[in-house]
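This is data.cif. It holds mmCIF, C-alpha atoms and all ligand atoms.
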```cif
data_target
loop_
_atom_site.label_atom_id
_atom_site.label_comp_id
_atom_site.auth_asym_id
_atom_site.auth_seq_id
_atom_site.Cartn_x
_atom_site.Cartn_y
_atom_site.Cartn_z
CA MET Z 1 -22.54 5.86 67.07
CA ILE Z 2 -23.17 6.31 70.81
CA ASN Z 3 -20.34 7.28 73.19
CA GLY Z 4 -17.70 6.47 70.64
CA ARG Z 5 -19.08 2.98 70.03
CA PHE Z 6 -20.60 1.25 67.03
CA GLY Z 7 -22.64 -1.44 68.80
CA ILE Z 8 -20.08 -3.14 71.03
CA TYR Z 9 -17.14 -2.02 68.82
CA GLY Z 10 -14.84 0.98 69.05
CA GLY Z 11 -14.42 2.74 72.38
CA GLN Z 12 -11.27 4.18 73.95
CA TYR Z 13 -8.99 1.42 75.23
CA ILE Z 14 -5.99 3.61 75.91
CA PRO Z 15 -3.54 4.31 78.72
CA GLU Z 16 -4.31 7.18 81.08
CA THR Z 17 -1.46 9.20 79.52
CA LEU Z 18 -3.34 9.41 76.19
CA MET Z 19 -6.71 10.34 77.68
CA ASN Z 20 -6.12 14.11 77.70
CA ALA Z 21 -4.99 14.15 74.08
CA VAL Z 22 -8.02 12.19 72.95
CA ILE Z 23 -10.45 14.35 74.96
CA GLU Z 24 -8.92 17.56 73.56
CA LEU Z 25 -9.24 16.17 70.01
CA GLU Z 26 -12.83 15.10 70.57
CA LYS Z 27 -13.82 18.57 71.84
CA ALA Z 28 -12.09 20.34 68.96
CA TYR Z 29 -13.63 18.04 66.37
CA ASP Z 30 -17.13 18.43 67.85
CA HIS Z 31 -16.69 22.17 67.50
CA TYR Z 32 -15.19 22.35 64.01
CA LYS Z 33 -17.10 19.60 62.21
CA ASP Z 34 -20.19 21.78 61.87
CA ASP Z 35 -18.32 25.07 61.59
CA PRO Z 36 -19.14 26.69 58.22
CA GLY Z 37 -15.75 28.43 58.04
CA PHE Z 38 -13.86 25.18 58.65
CA ASN Z 39 -15.92 23.33 56.07
CA ARG Z 40 -15.49 26.10 53.51
CA GLU Z 41 -11.72 25.96 53.93
CA LEU Z 42 -11.68 22.16 53.69
CA THR Z 43 -13.82 22.19 50.54
CA GLU Z 44 -11.47 24.71 48.99
CA LEU Z 45 -8.47 22.47 49.79
CA PHE Z 46 -10.31 19.43 48.37
CA ASN Z 47 -11.18 21.25 45.16
CA GLU Z 48 -8.17 23.46 44.50
CA TYR Z 49 -5.38 21.31 45.94
CA ALA Z 50 -6.52 17.67 45.84
CA GLY Z 51 -8.43 17.98 42.56
CA ARG Z 52 -11.92 17.05 43.76
CA PRO Z 53 -14.56 16.11 42.87
CA SER Z 54 -13.01 12.91 41.53
CA ARG Z 55 -14.68 11.50 38.39
CA LEU Z 56 -17.35 8.82 38.38
CA TYR Z 57 -16.36 7.09 35.17
CA TYR Z 58 -18.57 4.72 33.15
CA ALA Z 59 -16.38 1.72 32.31
CA ALA Z 60 -17.98 0.86 28.97
CA ARG Z 61 -15.50 -1.75 27.75
CA MET Z 62 -15.46 -3.60 31.07
CA THR Z 63 -19.28 -3.51 31.20
CA LYS Z 64 -19.55 -4.94 27.69
CA ASP Z 65 -16.89 -7.56 28.26
CA LEU Z 66 -18.35 -8.88 31.53
CA GLY Z 67 -21.83 -8.84 30.02
CA GLY Z 68 -23.92 -7.96 33.08
CA ALA Z 69 -24.30 -4.93 35.32
CA LYS Z 70 -23.34 -1.44 34.23
CA ILE Z 71 -19.99 -0.62 35.89
CA TYR Z 72 -18.86 2.77 37.14
CA LEU Z 73 -15.44 3.54 38.66
CA LYS Z 74 -15.03 6.18 41.37
CA ARG Z 75 -11.60 7.56 40.49
CA GLU Z 76 -9.87 8.37 43.80
CA ASP Z 77 -6.65 7.48 41.95
CA LEU Z 78 -6.88 10.86 40.23
CA ASN Z 79 -6.48 12.80 43.49
CA HIS Z 80 -3.25 14.64 44.29
CA THR Z 81 -0.74 12.10 45.71
CA GLY Z 82 -2.64 9.35 43.89
CA ALA Z 83 -5.10 7.96 46.43
CA HIS Z 84 -8.01 8.65 48.76
CA LYS Z 85 -5.64 9.20 51.72
CA ILE Z 86 -5.29 12.92 50.97
CA ASN Z 87 -9.00 13.47 51.92
CA ASN Z 88 -8.41 12.42 55.51
CA VAL Z 89 -5.03 14.05 55.83
CA LEU Z 90 -6.14 17.49 54.61
CA GLY Z 91 -9.05 17.37 57.07
CA GLN Z 92 -6.90 16.38 60.03
CA ALA Z 93 -4.09 18.81 59.19
CA LEU Z 94 -6.58 21.68 58.97
CA LEU Z 95 -8.14 20.62 62.27
CA ALA Z 96 -4.70 20.42 63.91
CA LYS Z 97 -3.87 23.89 62.64
CA LYS Z 98 -7.11 25.26 64.13
CA MET Z 99 -6.19 23.59 67.43
CA GLY Z 100 -2.93 25.53 67.41
CA LYS Z 101 -0.72 22.48 66.79
CA THR Z 102 2.50 23.00 64.86
CA ARG Z 103 3.61 19.40 64.50
CA LEU Z 104 2.04 16.38 62.77
CA ILE Z 105 3.06 12.82 63.52
CA ALA Z 106 1.84 9.79 61.59
CA GLU Z 107 2.35 6.06 61.19
CA THR Z 108 2.83 4.50 57.80
CA GLY Z 109 3.09 0.97 56.41
CA ALA Z 110 3.74 1.04 52.69
CA GLY Z 111 4.37 4.77 52.92
CA GLN Z 112 1.21 6.08 51.22
CA HIS Z 113 -0.25 7.68 54.35
CA GLY Z 114 3.17 8.99 55.37
CA VAL Z 115 3.59 10.67 51.99
CA ALA Z 116 0.08 12.19 52.19
CA THR Z 117 0.77 13.51 55.72
CA ALA Z 118 4.16 14.92 54.69
CA THR Z 119 2.40 16.61 51.76
CA ALA Z 120 -0.21 18.29 53.98
CA ALA Z 121 2.49 19.33 56.47
CA ALA Z 122 4.49 20.99 53.70
CA LEU Z 123 1.38 22.75 52.42
CA MET Z 124 0.42 24.02 55.87
CA ASP Z 125 3.94 24.79 57.10
CA MET Z 126 3.95 22.23 59.90
CA GLU Z 127 6.69 19.99 61.22
CA CYS Z 128 6.19 16.33 60.29
CA ILE Z 129 7.50 13.11 61.83
CA VAL Z 130 6.56 9.75 60.31
CA PHE Z 131 6.99 6.44 62.15
CA MET Z 132 7.63 3.51 59.86
CA GLY Z 133 8.60 -0.07 60.65
CA GLU Z 134 12.26 -0.61 59.83
CA GLU Z 135 11.33 -3.55 57.55
CA ASP Z 136 9.04 -1.23 55.61
CA THR Z 137 11.65 1.54 55.26
CA VAL Z 138 13.79 -0.99 53.37
CA ARG Z 139 10.92 -2.38 51.26
CA GLN Z 140 9.55 1.10 50.47
CA ALA Z 141 12.72 3.12 50.07
CA LEU Z 142 11.20 5.34 47.37
CA ASN Z 143 8.41 6.52 49.68
CA VAL Z 144 10.95 7.22 52.43
CA TYR Z 145 12.75 9.46 49.95
CA ARG Z 146 9.48 11.17 48.97
CA MET Z 147 8.67 11.96 52.60
CA ARG Z 148 12.13 13.43 53.16
CA LEU Z 149 11.83 15.46 49.97
CA LEU Z 150 8.58 16.87 51.37
CA GLY Z 151 10.43 17.95 54.51
CA ALA Z 152 9.36 15.16 56.87
CA GLU Z 153 11.57 13.17 59.22
CA VAL Z 154 11.14 9.39 58.94
CA ILE Z 155 11.84 7.40 62.11
CA PRO Z 156 12.43 3.66 61.61
CA VAL Z 157 10.66 1.58 64.28
CA LYS Z 158 12.67 -1.46 65.38
CA THR Z 159 10.29 -3.00 67.95
CA GLY Z 160 8.11 -6.09 67.40
CA THR Z 161 7.92 -7.19 63.79
CA ALA Z 162 9.16 -3.72 62.68
CA THR Z 163 6.07 -3.22 60.49
CA LEU Z 164 2.86 -1.15 60.44
CA LYS Z 165 1.34 -2.27 63.74
CA ASP Z 166 4.57 -1.37 65.56
CA ALA Z 167 4.64 2.03 63.85
CA VAL Z 168 1.09 2.73 65.15
CA SER Z 169 2.13 1.79 68.69
CA GLU Z 170 5.19 4.03 68.50
CA ALA Z 171 3.20 7.01 67.15
CA MET Z 172 0.71 6.63 70.03
CA ARG Z 173 3.58 6.58 72.51
CA GLU Z 174 5.12 9.70 70.98
CA TRP Z 175 1.74 11.49 71.03
CA SER Z 176 1.19 10.76 74.72
CA SER Z 177 4.60 12.24 75.55
CA ARG Z 178 4.08 15.44 73.55
CA VAL Z 179 0.46 16.52 73.25
CA SER Z 180 0.93 20.27 73.64
CA ASP Z 181 2.13 21.03 70.09
CA THR Z 182 1.49 17.70 68.34
CA HIS Z 183 -1.44 16.13 66.48
CA TYR Z 184 -1.43 12.42 65.67
CA CYS Z 185 -2.72 12.15 62.10
CA LEU Z 186 -4.03 8.57 62.05
CA GLY Z 187 -4.36 7.01 58.61
CA SER Z 188 -7.49 4.86 58.69
CA VAL Z 189 -10.85 4.38 60.46
CA MET Z 190 -9.24 2.73 63.46
CA GLY Z 191 -7.71 3.51 66.82
CA PRO Z 192 -9.56 5.00 69.81
CA HIS Z 193 -12.63 7.21 69.42
CA PRO Z 194 -12.83 9.87 67.93
CA PHE Z 195 -10.46 8.70 65.14
CA PRO Z 196 -12.82 6.22 63.45
CA ALA Z 197 -15.51 8.94 63.26
CA ILE Z 198 -13.14 11.74 62.18
CA VAL Z 199 -11.50 9.71 59.41
CA ARG Z 200 -14.89 8.43 58.21
CA ASP Z 201 -16.34 11.93 58.04
CA PHE Z 202 -13.41 13.27 56.01
CA GLN Z 203 -13.55 10.24 53.66
CA SER Z 204 -17.35 10.39 53.34
CA VAL Z 205 -16.87 12.97 50.58
CA ILE Z 206 -16.43 9.89 48.34
CA SER Z 207 -20.00 8.61 48.80
CA ARG Z 208 -21.45 12.13 48.83
CA GLU Z 209 -19.99 12.65 45.37
CA ILE Z 210 -20.92 9.15 44.10
CA LYS Z 211 -24.53 9.81 45.08
CA GLU Z 212 -24.71 13.18 43.32
CA GLN Z 213 -22.87 11.91 40.25
CA ILE Z 214 -24.87 8.70 39.78
CA LEU Z 215 -28.17 10.57 40.25
CA GLU Z 216 -27.07 13.00 37.56
CA LYS Z 217 -25.88 10.28 35.16
CA GLU Z 218 -28.48 7.55 35.78
CA GLY Z 219 -31.27 9.23 37.73
CA ARG Z 220 -31.12 6.51 40.38
CA LEU Z 221 -28.97 4.94 43.08
CA PRO Z 222 -26.56 2.09 42.32
CA ASP Z 223 -27.41 -1.53 43.20
CA ALA Z 224 -24.02 -2.10 44.81
CA VAL Z 225 -20.95 -0.17 45.94
CA LEU Z 226 -17.65 -2.09 46.20
CA ALA Z 227 -14.40 -1.02 47.86
CA CYS Z 228 -11.28 -2.69 49.21
CA VAL Z 229 -10.77 -2.85 52.99
CA GLY Z 230 -7.50 -2.53 54.87
CA GLY Z 231 -8.33 -0.54 57.99
CA GLY Z 232 -11.43 0.43 56.04
CA SER Z 233 -11.24 4.18 55.30
CA ASN Z 234 -11.87 4.22 51.55
CA ALA Z 235 -14.61 1.63 52.04
CA ILE Z 236 -16.47 3.49 54.80
CA GLY Z 237 -16.03 6.70 52.80
CA SER Z 238 -17.62 4.98 49.80
CA PHE Z 239 -20.44 3.44 51.87
CA TYR Z 240 -21.34 6.20 54.32
CA HIS Z 241 -24.03 8.15 52.48
CA PHE Z 242 -25.66 4.88 51.31
CA ILE Z 243 -25.99 3.23 54.73
CA ASP Z 244 -29.59 4.45 55.03
CA ASP Z 245 -30.46 3.30 51.48
CA PRO Z 246 -31.22 -0.40 52.14
CA ASP Z 247 -31.46 -1.28 48.43
CA VAL Z 248 -27.80 -0.40 47.87
CA ARG Z 249 -25.57 -3.41 48.63
CA LEU Z 250 -22.32 -2.44 50.34
CA ILE Z 251 -19.46 -4.85 49.68
CA GLY Z 252 -16.03 -4.63 51.34
CA CYS Z 253 -13.24 -6.65 49.72
CA GLU Z 254 -10.57 -7.96 52.09
CA ALA Z 255 -7.11 -9.22 51.21
CA ALA Z 256 -7.12 -13.01 51.47
CA GLY Z 257 -3.44 -13.20 50.49
CA ARG Z 258 -2.66 -16.84 49.62
CA GLY Z 259 -6.15 -17.85 50.83
CA ILE Z 260 -8.28 -17.70 54.00
CA ASP Z 261 -7.47 -21.36 54.72
CA THR Z 262 -3.75 -20.47 54.97
CA LEU Z 263 -1.83 -18.48 57.60
CA GLU Z 264 -0.74 -16.03 54.90
CA THR Z 265 -3.84 -13.86 54.86
CA ALA Z 266 -5.05 -10.44 56.02
CA ALA Z 267 -8.81 -11.11 55.74
CA THR Z 268 -9.92 -9.94 59.19
CA ILE Z 269 -13.67 -10.49 58.92
CA ALA Z 270 -13.20 -13.93 57.34
CA THR Z 271 -10.55 -15.20 59.75
CA GLY Z 272 -10.36 -12.78 62.73
CA LYS Z 273 -11.84 -12.81 66.22
CA LEU Z 274 -13.13 -10.19 68.63
CA GLY Z 275 -10.29 -8.42 70.41
CA ILE Z 276 -8.89 -5.15 71.76
CA PHE Z 277 -5.84 -3.56 70.16
CA HIS Z 278 -4.62 -0.07 69.21
CA GLY Z 279 -7.24 1.54 71.43
CA MET Z 280 -10.35 -0.11 69.95
CA LYS Z 281 -12.56 -3.16 70.25
CA SER Z 282 -13.00 -4.85 66.87
CA TYR Z 283 -12.12 -7.97 64.89
CA PHE Z 284 -8.41 -8.84 64.68
CA CYS Z 285 -6.36 -11.63 63.11
CA GLN Z 286 -5.08 -13.57 66.15
CA ASP Z 287 -3.12 -16.71 66.87
CA ALA Z 288 -4.36 -19.54 69.12
CA ASP Z 289 -3.20 -17.60 72.22
CA GLY Z 290 -5.06 -14.44 71.22
CA GLN Z 291 -1.87 -12.60 70.19
CA ILE Z 292 -2.11 -10.38 67.10
CA ALA Z 293 -1.13 -12.64 64.21
CA PRO Z 294 1.34 -11.70 61.48
CA VAL Z 295 -0.66 -10.92 58.36
CA TYR Z 296 0.20 -11.20 54.70
CA SER Z 297 -1.08 -9.77 51.41
CA ILE Z 298 0.59 -8.90 48.12
CA SER Z 299 -0.85 -5.45 48.77
CA ALA Z 300 1.09 -3.57 51.45
CA GLY Z 301 -1.85 -1.19 52.00
CA LEU Z 302 -4.19 -4.00 53.05
CA ASP Z 303 -2.02 -6.01 55.41
CA TYR Z 304 -3.25 -4.58 58.69
CA PRO Z 305 -4.33 -7.23 61.25
CA GLY Z 306 -7.56 -5.43 62.20
CA ILE Z 307 -10.58 -3.67 60.72
CA GLY Z 308 -12.26 -0.42 61.75
CA PRO Z 309 -15.00 -0.78 64.40
CA GLU Z 310 -17.78 0.61 62.21
CA HIS Z 311 -17.14 -2.14 59.65
CA ALA Z 312 -17.26 -4.77 62.42
CA TYR Z 313 -20.65 -3.34 63.35
CA LEU Z 314 -21.99 -3.12 59.77
CA HIS Z 315 -20.91 -6.75 59.33
CA ASP Z 316 -22.68 -7.90 62.51
CA ILE Z 317 -25.98 -6.19 61.67
CA GLY Z 318 -25.77 -7.49 58.10
CA ARG Z 319 -25.79 -4.05 56.48
CA ALA Z 320 -22.50 -4.60 54.66
CA GLU Z 321 -20.95 -7.78 53.22
CA TYR Z 322 -17.25 -8.58 53.45
CA VAL Z 323 -15.63 -10.93 50.96
CA PRO Z 324 -12.08 -12.29 50.71
CA VAL Z 325 -10.08 -11.82 47.48
CA THR Z 326 -6.77 -13.64 46.93
CA ASP Z 327 -3.48 -12.22 45.62
CA GLU Z 328 -3.93 -14.14 42.37
CA GLU Z 329 -7.46 -12.77 41.80
CA ALA Z 330 -6.29 -9.23 42.57
CA VAL Z 331 -3.31 -9.48 40.20
CA GLN Z 332 -5.59 -10.77 37.43
CA ALA Z 333 -7.95 -7.84 38.01
CA PHE Z 334 -5.00 -5.39 38.06
CA GLU Z 335 -3.94 -6.66 34.62
CA TYR Z 336 -7.52 -6.82 33.34
CA LEU Z 337 -8.36 -3.21 34.22
CA ALA Z 338 -5.14 -1.98 32.60
CA ARG Z 339 -5.91 -3.83 29.34
CA THR Z 340 -9.62 -3.16 29.26
CA GLU Z 341 -9.96 0.44 30.44
CA GLY Z 342 -6.40 1.78 30.27
CA ILE Z 343 -6.34 2.30 34.03
CA ILE Z 344 -3.49 1.01 36.20
CA ALA Z 345 -5.14 0.87 39.61
CA ALA Z 346 -3.48 0.26 42.96
CA ILE Z 347 -3.23 -3.45 43.81
CA GLU Z 348 -5.38 -2.63 46.87
CA SER Z 349 -8.17 -1.31 44.62
CA ALA Z 350 -7.74 -4.32 42.31
CA HIS Z 351 -9.22 -6.46 45.12
CA ALA Z 352 -12.53 -4.64 44.65
CA VAL Z 353 -12.27 -4.88 40.86
CA ALA Z 354 -11.71 -8.65 41.20
CA HIS Z 355 -14.92 -9.14 43.17
CA ALA Z 356 -16.86 -6.97 40.72
CA MET Z 357 -15.60 -9.24 37.92
CA LYS Z 358 -17.10 -12.20 39.80
CA ILE Z 359 -20.56 -10.72 40.40
CA ALA Z 360 -21.17 -8.40 37.42
CA PRO Z 361 -21.88 -11.21 34.90
CA TYR Z 362 -24.71 -12.51 37.14
CA LEU Z 363 -26.42 -9.13 37.33
CA SER Z 364 -28.70 -7.70 34.65
CA PRO Z 365 -27.82 -4.84 32.28
CA ASP Z 366 -30.26 -2.53 34.07
CA GLN Z 367 -28.34 -2.93 37.32
CA ILE Z 368 -25.50 -0.59 38.31
CA ILE Z 369 -22.39 -1.22 40.37
CA VAL Z 370 -19.83 1.33 41.52
CA ILE Z 371 -16.25 0.28 42.31
CA THR Z 372 -14.04 2.68 44.23
CA ILE Z 373 -10.55 2.83 42.73
CA SER Z 374 -8.80 3.91 45.93
CA GLY Z 375 -5.46 4.72 44.31
CA ARG Z 376 -3.23 4.48 41.27
CA GLY Z 377 -0.96 1.56 40.63
CA ASP Z 378 2.37 3.00 39.50
CA LYS Z 379 3.80 2.04 42.90
CA ASP Z 380 2.85 -1.61 42.34
CA CYS Z 381 4.19 -2.30 38.86
CA ALA Z 382 7.57 -3.70 39.97
CA ALA Z 383 5.95 -6.01 42.56
CA ILE Z 384 3.38 -7.32 40.08
CA ALA Z 385 6.08 -7.94 37.49
CA ARG Z 386 8.01 -9.87 40.16
CA TYR Z 387 4.86 -11.85 41.03
CA ARG Z 388 4.70 -12.84 37.35
CA GLY Z 389 8.35 -13.90 37.41
CA GLU Z 390 9.78 -10.84 35.69
CA ASN Z 391 12.48 -8.74 37.31
CA ILE Z 392 12.25 -5.09 36.31
CA HIS Z 393 14.50 -2.41 37.66
CA GLU Z 394 12.67 -0.03 40.03
C1 LIG J 401 -3.88 2.78 52.31
C2 LIG J 401 -4.61 2.32 51.12
C3 LIG J 401 -5.70 1.42 51.20
C4 LIG J 401 -6.15 0.78 52.48
O1 LIG J 401 -6.59 1.66 53.47
P1 LIG J 401 -8.13 1.82 53.86
O2 LIG J 401 -8.08 2.60 55.12
O3 LIG J 401 -8.71 0.45 54.04
O4 LIG J 401 -8.80 2.55 52.75
C5 LIG J 401 -6.38 1.10 50.04
N1 LIG J 401 -6.01 1.59 48.85
C6 LIG J 401 -4.96 2.44 48.72
C7 LIG J 401 -4.61 2.96 47.36
C8 LIG J 401 -4.23 2.84 49.84
O5 LIG J 401 -3.20 3.69 49.70
#
```

Let me see the file written as structure tokens.
Ligand SMILES: *Cc1c(COP(=O)(O)O)cnc(C)c1O
Amino acid sequence: MINGRFGIYGGQYIPETLMNAVIELEKAYDHYKDDPGFNRELTELFNEYAGRPSRLYYAARMTKDLGGAKIYLKREDLNHTGAHKINNVLGQALLAKKMGKTRLIAETGAGQHGVATATAAALMDMECIVFMGEEDTVRQALNVYRMRLLGAEVIPVKTGTATLKDAVSEAMREWSSRVSDTHYCLGSVMGPHPFPAIVRDFQSVISREIKEQILEKEGRLPDAVLACVGGGSNAIGSFYHFIDDPDVRLIGCEAAGRGIDTLETAATIATGKLGIFHGMKSYFCQDADGQIAPVYSISAGLDYPGIGPEHAYLHDIGRAEYVPVTDEEAVQAFEYLARTEGIIAAIESAHAVAHAMKIAPYLSPDQIIVITISGRGDKDCAAIARYRGENIHE
């Protein structure tokens, strides 16, 4: 990364009113990221509060059943609050605290990042405001309740399509009007520099642990690492410490929704075009006029119309591969993992499991693949039942 850019991607495409906030954040992060005291505190939070290191679990039944590569699961679903999001949020909340901020704001789509931010705010005695599209507050009423229980205020956003992208825009607006006491805790590797680098660094604990754990268990690096991609934070966290190991394939699994040949998709690399939105240059799903297109996936955590700039770059230079996975494939993988390993993974993570199911049989038993299970799937059970034509009471 040079000057906040990954190749031509990234940058700081923001209004003048946000410039001071972003510069202050960049300075603070440059100072604290290599500060031993800061890193000691963060490690303690990771270990004692979030439950790290997460397990690298050998999926023996799945390996045997698919009849090819040896499969390991990186269990981010076992973290406190049930997903990888807590890694980023604890890092940013601690940083905000060091910067003297007393108030965290965040955007949320399905509510997972909002719940994680509200959790960190409660832990660190900070005020917390979460912006959420009004549509989403209705669809995800349980998470709205969770955030309130944790002491956060949830503000429904009524502009635009009243979904995630509008919540991001509103949080940026709020941040620019109140920088003095407020940190914007962004939820993925997107937005203006330095967010893509900050979120990546806090999530890179995933690949640091995978590397240590696989070397201990197998004495060698894996042949491939797979992760699902929404904005791309669990994927870049899973890839980061393998980027300089050219023999490790890095595979990001995007949500194809009803298929990349339909308009009901969220597969940005497969269907998107170069654009500028939410402060960054990257690939975005766009309509014929270059407007941000409405996106669709069965998985609420993956239906963001863009992808983080570092992924756009890794795609262009051919270091990482990005593959589309449909709703139907993800649901089948969700059910398969539950039956085969006794693990109900998030429907987001099931996208990565689905692609692993496609490639593992063609690999040899002396090859190893690691799939990151980004979160647990309790939140998805009612939606999957509905997808299968069964109406269960939530
Ligand atoms: C939010 C979320 C995602 C998608 O976000 P990324 O930034 O792409 O990681 C994936 N899985 C789970 C469980 C999530 O909560």

Checklist outcome for this item: If you count all atoms listed in the file, the residue of Z:Ser364, Z:Asn88, Z:Thr271, Z:Thr163 closest to Asp303 in chain Z turns out to be Z:Thr163

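The smallest atom-to-atom distance between Gly301 in chain Z and any of Z:Gly389, Z:Gly232, Z:Gly237, Z:Gly133, using only C-alpha atoms, is found for Z:Gly232.
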
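Pocket residues of ligand LIG 401 (chain J), taken as those with any atom at most 6 Å away using only C-alpha atoms and all ligand atoms, are Ala83, Gln112, Ser188, Val229, Gly230, Gly231, Gly232, Ser233, Asn234, Ala235, Gly301, Leu302, Ala346, Glu348, Ser349, Ser374 and Gly375 of chain Z.
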
Item to check | Neighbours of point (-26.9, -1.7, 53.3) within 12 Å, using all atoms listed in the file, written as a PyMOL selection string | outcome: chain Z and resi 222-226+236+238-252+311+313-322

Proximity of range 294-349 of chain Z to range 196-203 of chain Z: per-residue shortest pair, 10 Å limit, all atoms listed in the file, as a Markdown table:
```
| residue | atom | partner | partner_atom | distance |
| --- | --- | --- | --- | --- |
| Z:Gly308 | CA | Z:Pro196 | CA | 6.9 |
| Z:Pro309 | CA | Z:Pro196 | CA | 7.4 |
| Z:Glu310 | CA | Z:Pro196 | CA | 7.6 |
```

Next on the checklist: Need the shell around Ala162 in chain Z: protein/DNA/RNA residues with any atom at most 7 Å away, counting all atoms listed in the file. Skip same-chain ones fewer than 2 positions apart. Format as a PyMOL selection string?
Outcome noted: chain Z and resi 133-135+157-160+166

Next on the checklist: Would you pick out the contacts of Pro156 in chain Z at 12 Å or less, using only C-alpha atoms, so that residues sharing its chain but fewer than 3 positions from it are not included, and give the list as a list in words?
Outcome noted: Glu107, Thr108, Gly109, Gly111, Ile129, Val130, Phe131, Met132, Gly133, Glu134, Glu135, Asp136, Thr137, Val138, Gln140, Ala141, Val144, Glu153, Thr159, Thr161, Ala162, Thr163, Leu164, Asp166, Ala167, Val168, Glu170 and Ala171 of chain Z

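Across the model, the gap from CA of Val154 in chain Z to CA of Ile392 in chain Z is 26.9 Å.
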
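Closest to Glu216 in chain Z among Z:Ile371, Z:Val89, Z:Ile23, Z:Leu56 is Z:Leu56, based on all atoms listed in the file.
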
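Counting all atoms listed in the file and comparing Z:Leu149, Z:Asn391, Z:Met99, Z:Tyr296, the residue that lies closest to Lys27 in chain Z is Z:Met99.
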
Item to check | Option closest in space to Cys185 in chain Z, from Z:Ala106, Z:Ala256, Z:Ile359, Z:Leu142 [counting all atoms listed in the file] | outcome: Z:Ala106

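Closest approach to Gly275 in chain Z among Z:Tyr13, Z:Phe6, Z:Tyr57, Z:Tyr29 is made by Z:Tyr13 (distances from only C-alpha atoms).
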
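Computed from the coordinates, the CA of Gln92 in chain Z to CA of Arg173 in chain Z distance equals 19.0 Å.
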